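To start, the structure itself, in structure tokens.
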Amino acid sequence: MDTETRLLIVDDDPGIRELTAGFLSSHGYMVDTAADGAEMRRLLAAESYALIVLDVMMPGEDGLSILRSLDRAKSPAVIILSVIGEEIDRIVGLEMGADDYVAKPANPRELLARIRSVLRRNQGGSRAAPGERPHLRFSGWRLDPVGRQLIDPEEVVINLSDGEFRLLLAFVEHPRRVLTRDQLLDLSRGVNAEHFDRAIDVQISRLRRKLARDGDDDLIRTVRNEGYMFTADVDHR
């Protein structure tokens with residue numbers, strides 16, 4: 001039972017809000033609810049949340065617009081709820097930095113498992129002791145696995161979502177090796193994660209943009225009919 005972690009459910013349907021909140025509360029979480037983006041922002045200003053469960057299909061300001069407005073470097077983790085069959089919502093949500101997605105109508109136990117998984121990944125990074133692992137260096141870049149930071153060659157910290165960080169870590173820990181989409185999903189999301197190839201493609205596209213520098217070769221190479229390869233040498237120090 002987790003009696004200290006506070007979650008926020010954002011959904012315009014009061015029945016779904018209360019049912020979801022009740023189920024998560026029964027598993028020990030403190031849960032608040034919001035009917036729209038404005039109410040969510042008021043609660044975020046007043047409380048500290050570990051994670052937001054955000055419905056995509058809402059009237060007025062929809063979930064994707066709300067997600068776009070969040071500072072993903074400072075805001076809580078986000079799991080988006082997307083109607084079954086609306087694949088584009090899941091792709092766009094992940095592209096904008098959502099940490100995970102659950103098909104709606106959501107199975108409460110699946111949602112609980114996804115919440116626990118995202119929180120465990122985030123807390124695992126924050127609990128690591130300083131100096132536990134060295135920085136991973138490649139082509140002038142530094143990836144700090146403990147601080148969960150990517151620093152570019154000009155010493156600028158590049159914001160990464162949780163999913164982007166875990167995917168990049170999977171690449172730099174397996175340099176110059178072709179990794180299939182399934183391998184990348186297992187390495188970055190866990191062997192029990194739902195396999196969703198487009199999620200990997202979207203996150204790789206985002207990583208490529210963030211790693212792009214004038215004159216640099218593509219650090220993540222597409223290997224046709226096989227997968228992807230991280231092309232740089234990696235120094236563990």
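Chain labels A, B, ... are given in the sequence in which chains occur in the structure tokens; within each chain residues are numbered consecutively from 1, and ligands are likewise numbered from 1 in the order shown.
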Report task. With a distance cut-off of 9 Å and only C-alpha atoms, select the neighbouring residues of Leu150 (chain A), excluding the residue or stretch itself and same-chain residues fewer than 3 positions from it, and output the selection as a VMD selection string. Result -> chain A and resid 141 to 145 147 156 to 160 165
Go ahead and save the picked residues with N, CA, C and O atoms, as a PDB file, in the first residue's frame.
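File selection.pdb, as written:
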```pdb
ATOM      1  N   TRP A 141      28.651  13.870 -26.321  1.00  0.00           N
ATOM      2  CA  TRP A 141      27.473  13.884 -25.450  1.00  0.00           C
ATOM      3  C   TRP A 141      27.757  13.113 -24.160  1.00  0.00           C
ATOM      4  O   TRP A 141      28.645  12.268 -24.120  1.00  0.00           O
ATOM      5  N   ARG A 142      26.948  13.405 -23.118  1.00  0.00           N
ATOM      6  CA  ARG A 142      27.019  12.629 -21.868  1.00  0.00           C
ATOM      7  C   ARG A 142      25.607  12.254 -21.447  1.00  0.00           C
ATOM      8  O   ARG A 142      24.716  13.110 -21.413  1.00  0.00           O
ATOM      9  N   LEU A 143      25.422  10.985 -21.115  1.00  0.00           N
ATOM     10  CA  LEU A 143      24.149  10.521 -20.566  1.00  0.00           C
ATOM     11  C   LEU A 143      24.407  10.093 -19.119  1.00  0.00           C
ATOM     12  O   LEU A 143      25.244   9.235 -18.862  1.00  0.00           O
ATOM     13  N   ASP A 144      23.696  10.721 -18.197  1.00  0.00           N
ATOM     14  CA  ASP A 144      23.847  10.441 -16.773  1.00  0.00           C
ATOM     15  C   ASP A 144      22.712   9.499 -16.352  1.00  0.00           C
ATOM     16  O   ASP A 144      21.580   9.940 -16.174  1.00  0.00           O
ATOM     17  N   PRO A 145      22.991   8.201 -16.160  1.00  0.00           N
ATOM     18  CA  PRO A 145      21.925   7.258 -15.816  1.00  0.00           C
ATOM     19  C   PRO A 145      21.355   7.480 -14.423  1.00  0.00           C
ATOM     20  O   PRO A 145      20.215   7.101 -14.168  1.00  0.00           O
ATOM     21  N   GLY A 147      21.360  10.634 -12.622  1.00  0.00           N
ATOM     22  CA  GLY A 147      20.621  11.886 -12.646  1.00  0.00           C
ATOM     23  C   GLY A 147      19.571  11.947 -13.740  1.00  0.00           C
ATOM     24  O   GLY A 147      18.788  12.891 -13.793  1.00  0.00           O
ATOM     25  N   VAL A 156      24.769  21.758 -22.477  1.00  0.00           N
ATOM     26  CA  VAL A 156      23.365  22.111 -22.294  1.00  0.00           C
ATOM     27  C   VAL A 156      22.576  20.838 -21.988  1.00  0.00           C
ATOM     28  O   VAL A 156      22.732  19.820 -22.678  1.00  0.00           O
ATOM     29  N   VAL A 157      21.759  20.890 -20.950  1.00  0.00           N
ATOM     30  CA  VAL A 157      20.922  19.747 -20.597  1.00  0.00           C
ATOM     31  C   VAL A 157      19.747  19.678 -21.565  1.00  0.00           C
ATOM     32  O   VAL A 157      19.029  20.658 -21.755  1.00  0.00           O
ATOM     33  N   ILE A 158      19.550  18.530 -22.178  1.00  0.00           N
ATOM     34  CA  ILE A 158      18.470  18.314 -23.140  1.00  0.00           C
ATOM     35  C   ILE A 158      17.333  17.579 -22.425  1.00  0.00           C
ATOM     36  O   ILE A 158      17.536  16.518 -21.845  1.00  0.00           O
ATOM     37  N   ASN A 159      16.155  18.165 -22.461  1.00  0.00           N
ATOM     38  CA  ASN A 159      15.002  17.554 -21.799  1.00  0.00           C
ATOM     39  C   ASN A 159      14.590  16.274 -22.520  1.00  0.00           C
ATOM     40  O   ASN A 159      14.404  16.265 -23.742  1.00  0.00           O
ATOM     41  N   LEU A 160      14.426  15.203 -21.751  1.00  0.00           N
ATOM     42  CA  LEU A 160      13.939  13.933 -22.278  1.00  0.00           C
ATOM     43  C   LEU A 160      12.743  13.482 -21.462  1.00  0.00           C
ATOM     44  O   LEU A 160      12.737  13.617 -20.237  1.00  0.00           O
ATOM     45  N   PHE A 165      14.272   8.782 -22.379  1.00  0.00           N
ATOM     46  CA  PHE A 165      15.468   8.466 -21.610  1.00  0.00           C
ATOM     47  C   PHE A 165      15.743   6.963 -21.611  1.00  0.00           C
ATOM     48  O   PHE A 165      16.864   6.523 -21.848  1.00  0.00           O
TER      49      PHE A 165
END
```
Sorted by chain and rising residue number, list the residues of region 112-188 of chain A at most 9 Å from region 44-68 of chain A (counting only C-alpha atoms), each with its closest atom pair and distance in Å to one decimal, as CSV.
```
residue,atom,partner,partner_atom,distance
A:Ile115,CA,A:Leu51,CA,7.7
A:Val118,CA,A:Leu51,CA,8.5
A:Leu119,CA,A:Ala50,CA,7.4
```
Report task. Using CA of Thr33 (chain A) and CA of Glu164 (chain A) as the two end points, give the distance in Å to one decimal. Result -> 27.6 Å
Report task. Please provide as a ChimeraX atom specification all residues within 10 Å of Glu226 (chain A), with the sequence filter that same-chain residues fewer than 4 positions apart are discarded (counting only C-alpha atoms). Result -> /A:178-181,222
Report task. May I ask for the distance between CA of Glu110 (chain A) and CA of Ile16 (chain A), given in Å to one decimal place? Result ->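 These atoms are spaced 15.1 Å apart.
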Query - For Ser75 (chain A), the nearest of the candidates A:Met40, A:Ala34, A:Val234, A:Ala103, counting only C-alpha atoms - result: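 That would be A:Met40, the residue with the smallest distance to Ser75 (chain A).
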